[in-house]
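Text of input-v4.csv (CSV, C-alpha atoms) as supplied:
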chain,number,residue,atom,x,y,z
Y,28,MET,CA,3.3,-120.0,-8.2
Y,29,SER,CA,6.4,-121.8,-9.3
Y,30,VAL,CA,8.7,-118.8,-8.7
Y,31,ARG,CA,7.0,-118.1,-5.3
Y,32,ARG,CA,7.4,-121.7,-4.2
Y,33,ALA,CA,11.1,-121.7,-5.2
Y,34,CYS,CA,11.6,-118.5,-3.2
Y,35,ALA,CA,9.9,-119.9,-0.2
Y,36,PHE,CA,12.2,-123.0,-0.2
Y,37,SER,CA,15.2,-120.7,-0.6
Y,38,LEU,CA,14.1,-118.5,2.3
Y,39,PHE,CA,13.4,-121.5,4.4
Y,40,ALA,CA,17.0,-122.7,3.8
Y,41,ILE,CA,18.4,-119.2,4.7
Y,42,TRP,CA,16.3,-119.2,7.8
Y,43,VAL,CA,17.7,-122.6,8.9
Y,44,ILE,CA,21.2,-121.3,8.4
Y,45,MET,CA,20.4,-118.2,10.4
Y,46,MET,CA,18.9,-120.2,13.2
Y,47,ALA,CA,22.0,-122.5,13.2
Y,48,LEU,CA,24.1,-119.3,13.9
Y,49,VAL,CA,21.8,-117.8,16.5
Y,50,TYR,CA,24.5,-118.1,19.1
Y,51,ASP,CA,26.2,-115.2,17.4
Y,52,PRO,CA,23.4,-112.8,16.3
Y,53,MET,CA,25.6,-110.5,14.2
Y,54,MET,CA,27.0,-113.5,12.3
Y,55,SER,CA,23.5,-114.8,11.8
Y,56,LEU,CA,22.3,-111.5,10.5
Y,57,ARG,CA,25.3,-111.1,8.2
Y,58,SER,CA,25.0,-114.5,6.8
Y,59,GLY,CA,21.2,-114.0,6.2
Y,60,ALA,CA,21.9,-110.6,4.5
Y,61,ILE,CA,24.5,-112.1,2.2
Y,62,LEU,CA,22.4,-115.1,1.3
Y,63,VAL,CA,19.2,-113.0,0.7
Y,64,THR,CA,21.3,-110.6,-1.4
Y,65,LEU,CA,22.6,-113.5,-3.4
Y,66,MET,CA,19.1,-114.8,-3.8
Y,67,GLY,CA,18.0,-111.4,-5.2
Y,68,ALA,CA,20.9,-111.4,-7.6
Y,69,ILE,CA,20.0,-114.9,-8.9
Y,70,LEU,CA,16.4,-113.9,-9.4
Y,71,MET,CA,17.5,-110.8,-11.4
Y,72,LEU,CA,19.8,-113.0,-13.5
Y,73,LYS,CA,16.9,-115.5,-14.1
Y,74,GLY,CA,14.7,-112.5,-15.0
Y,75,TYR,CA,17.1,-111.3,-17.6
Y,76,ARG,CA,17.6,-114.7,-19.1
Y,77,ALA,CA,13.8,-115.6,-19.1
Y,78,PRO,CA,13.0,-114.3,-22.6
Y,79,HIS,CA,15.7,-116.5,-24.1
Y,80,ARG,CA,14.7,-119.8,-22.4
Y,81,ASP,CA,12.9,-122.7,-24.1
Y,82,HIS,CA,9.4,-122.3,-22.7
Y,83,ARG,CA,8.7,-126.1,-23.0
Y,84,ARG,CA,11.3,-126.8,-20.3
Y,85,THR,CA,9.6,-124.6,-17.6
Y,86,GLU,CA,7.4,-125.7,-14.8
Y,87,VAL,CA,4.8,-123.2,-16.0
Y,88,TRP,CA,4.5,-125.0,-19.4
Y,89,GLN,CA,4.0,-128.3,-17.7
Y,90,ALA,CA,1.2,-126.8,-15.7
Y,91,VAL,CA,-0.7,-125.1,-18.6
Y,92,LYS,CA,0.2,-127.0,-21.8
Y,93,SER,CA,-3.0,-128.9,-22.0
Y,94,GLU,CA,-5.1,-125.8,-21.5
Y,95,LEU,CA,-3.1,-123.3,-23.5
Y,96,LYS,CA,-4.4,-123.3,-27.1
Y,97,LEU,CA,-1.9,-120.8,-28.7
Y,98,PRO,CA,0.6,-121.1,-31.5
Y,99,ALA,CA,4.1,-122.1,-30.2
Y,100,GLU,CA,5.6,-118.7,-30.8
Y,101,GLN,CA,2.8,-116.9,-28.9
Y,102,ALA,CA,2.9,-119.4,-26.1
Y,103,ARG,CA,6.7,-118.9,-25.8
Y,104,ALA,CA,6.4,-115.1,-25.7
Y,105,LEU,CA,3.5,-115.2,-23.1
Y,106,ILE,CA,5.2,-117.7,-20.8
Y,107,ASN,CA,8.6,-116.1,-21.0
Y,108,ALA,CA,7.3,-112.6,-20.4
Y,109,THR,CA,5.2,-113.8,-17.5
Y,110,LEU,CA,8.2,-115.6,-15.9
Y,111,GLN,CA,10.3,-112.5,-16.4
Y,112,ASP,CA,7.8,-110.3,-14.7
Y,113,ALA,CA,7.5,-112.8,-11.8
Y,114,TYR,CA,11.3,-113.0,-11.4
Y,115,PHE,CA,11.7,-109.3,-11.4
Y,116,HIS,CA,8.8,-108.8,-8.9
Y,117,HIS,CA,10.2,-111.4,-6.5
Y,118,ALA,CA,13.7,-110.0,-6.9
Y,119,THR,CA,12.3,-106.6,-5.8
Y,120,LEU,CA,10.6,-108.1,-2.8
Y,121,VAL,CA,13.8,-110.0,-1.8
Y,122,GLY,CA,15.8,-106.8,-2.4
Y,123,VAL,CA,13.7,-105.0,0.2
Y,124,GLY,CA,14.2,-107.9,2.6
Y,125,ALA,CA,18.0,-107.7,2.0
Y,126,LEU,CA,18.0,-104.0,2.5
Y,127,ALA,CA,16.2,-104.5,5.8
Y,128,LEU,CA,18.8,-107.0,7.0
Y,129,TRP,CA,21.7,-104.8,6.0
Y,130,THR,CA,20.1,-101.8,7.7
Y,131,THR,CA,19.6,-103.9,10.9
Y,132,ILE,CA,23.3,-104.9,10.7
Y,133,VAL,CA,24.5,-101.3,10.4
Y,134,VAL,CA,22.3,-100.0,13.1
Y,135,LEU,CA,23.2,-102.8,15.5
Y,136,GLY,CA,26.9,-102.3,14.7
Y,137,LEU,CA,26.6,-98.6,15.5
Y,138,VAL,CA,24.8,-99.4,18.8
Y,139,ILE,CA,27.5,-101.9,19.8
Y,140,ALA,CA,30.3,-99.5,18.8
Y,141,LEU,CA,28.8,-96.6,20.7
Y,142,ARG,CA,28.4,-98.6,23.9
Show this structure as structure tokens.
Amino acid sequence: MSVRRACAFSLFAIWVIMMALVYDPMMSLRSGAILVTLMGAILMLKGYRAPHRDHRRTEVWQAVKSELKLPAEQARALINATLQDAYFHHATLVGVGALALWTTIVVLGLVIALR
């Protein structure tokens, strides 16, 4: 839930930027595609770094520390692996969205050029 909430706030910010540029649809799409691609790259980076983070400094730990009755090393491994899976899953979804935006830009660019 914490990764999904962060992604939702990021996508909202990207949407606001795209709406601010709606007067130029191609610039709006390009800026959205660049920002969504950057978001996917950040999620991938966070996924690669997740196994090496201190699990006690994560939002997940704050949510489950009173209910999780595991030794510290098992809790660390479980939380970090779960976060890594969540980051990679959301990076894949964001990547599909970025691909859709880039495809739209290319198709619209070709349509405009062939007019």
Contacts of Val133 of chain Y within 12 Å, all atoms listed in the file, excl. fewer than 5 positions in-chain, as a ChimeraX atom specification:
/Y:53,56-57,60,126-128,138-140
Around the point (12.0, -114.3, -19.0) in the file's coordinates, collect all residues with an atom within 12 Å, using all atoms listed in the file, and return them as a PyMOL selection string.
chain Y and resi 30+70-82+85+87+103-116
Between atom CA of Gly67 of chain Y and atom CA of Ala118 of chain Y, what is the spacing in Å?
4.8 Å
One-decimal distance in Å that lies between atom CA of Gln101 of chain Y and atom CA of His117 of chain Y
24.2 Å
For each of Y:Pro98, Y:Val63, Y:Ala40, Y:Arg32, take the minimum atom-to-atom distance to Val121 of chain Y, counting all atoms listed in the file, then give the residue where this is smallest.
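Smallest separation from Val121 of chain Y among the options: Y:Val63.
Here atom CA of Gly124 of chain Y is placed at a distance of 14.7 Å from atom CA of Ile69 of chain Y.
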Closest of Y:Ala125, Y:Ile44, Y:Ala33, Y:Leu137 to Ile61 of chain Y, counting all atoms listed in the file, is Y:Ala125
If I only have part of segment 69-83 of chain Y, can you fill in N, CA, C and O atoms and write it as a short mmCIF file (atom, residue, chain, number, x, y, z; two decimals), in the frame of the given file?
data_model
loop_
_atom_site.label_atom_id
_atom_site.label_comp_id
_atom_site.auth_asym_id
_atom_site.auth_seq_id
_atom_site.Cartn_x
_atom_site.Cartn_y
_atom_site.Cartn_z
N ILE Y 69 20.35 -113.73 -8.03
CA ILE Y 69 20.00 -114.90 -8.90
C ILE Y 69 18.63 -114.68 -9.52
O ILE Y 69 18.46 -114.99 -10.70
N LEU Y 70 17.68 -114.13 -8.78
CA LEU Y 70 16.40 -113.90 -9.40
C LEU Y 70 16.47 -112.82 -10.49
O LEU Y 70 15.81 -112.96 -11.52
N MET Y 71 17.30 -111.81 -10.30
CA MET Y 71 17.50 -110.80 -11.40
C MET Y 71 18.11 -111.47 -12.60
O MET Y 71 17.68 -111.22 -13.72
N LEU Y 72 19.12 -112.30 -12.39
CA LEU Y 72 19.80 -113.00 -13.50
C LEU Y 72 18.76 -113.88 -14.25
O LEU Y 72 18.70 -113.89 -15.48
N LYS Y 73 17.95 -114.61 -13.50
CA LYS Y 73 16.90 -115.50 -14.10
C LYS Y 73 15.90 -114.61 -14.88
O LYS Y 73 15.42 -115.02 -15.93
N GLY Y 74 15.60 -113.44 -14.35
CA GLY Y 74 14.70 -112.50 -15.00
C GLY Y 74 15.24 -112.04 -16.36
O GLY Y 74 14.52 -111.97 -17.35
N TYR Y 75 16.52 -111.71 -16.37
CA TYR Y 75 17.10 -111.30 -17.60
C TYR Y 75 17.25 -112.38 -18.64
O TYR Y 75 17.20 -112.14 -19.83
N ARG Y 76 17.41 -113.61 -18.17
CA ARG Y 76 17.60 -114.70 -19.10
C ARG Y 76 16.22 -115.34 -19.51
O ARG Y 76 16.16 -116.12 -20.46
N ALA Y 77 15.13 -115.00 -18.82
CA ALA Y 77 13.80 -115.60 -19.10
C ALA Y 77 13.36 -115.49 -20.54
O ALA Y 77 12.84 -116.47 -21.08
N PRO Y 78 13.52 -114.36 -21.21
CA PRO Y 78 13.00 -114.30 -22.60
C PRO Y 78 13.75 -115.22 -23.57
O PRO Y 78 13.24 -115.50 -24.65
N HIS Y 79 14.90 -115.72 -23.19
CA HIS Y 79 15.70 -116.50 -24.10
C HIS Y 79 15.60 -118.04 -23.78
O HIS Y 79 16.27 -118.83 -24.43
N ARG Y 80 14.79 -118.41 -22.80
CA ARG Y 80 14.70 -119.80 -22.40
C ARG Y 80 13.69 -120.55 -23.31
O ARG Y 80 12.80 -119.95 -23.92
N ASP Y 81 13.84 -121.85 -23.35
CA ASP Y 81 12.90 -122.70 -24.10
C ASP Y 81 11.68 -122.87 -23.13
O ASP Y 81 11.79 -123.46 -22.05
N HIS Y 82 10.55 -122.34 -23.53
CA HIS Y 82 9.40 -122.30 -22.70
C HIS Y 82 8.87 -123.74 -22.35
O HIS Y 82 8.22 -123.97 -21.34
N ARG Y 83 9.19 -124.70 -23.20
CA ARG Y 83 8.70 -126.10 -23.00
C ARG Y 83 9.47 -126.78 -21.85
O ARG Y 83 9.08 -127.84 -21.42
#
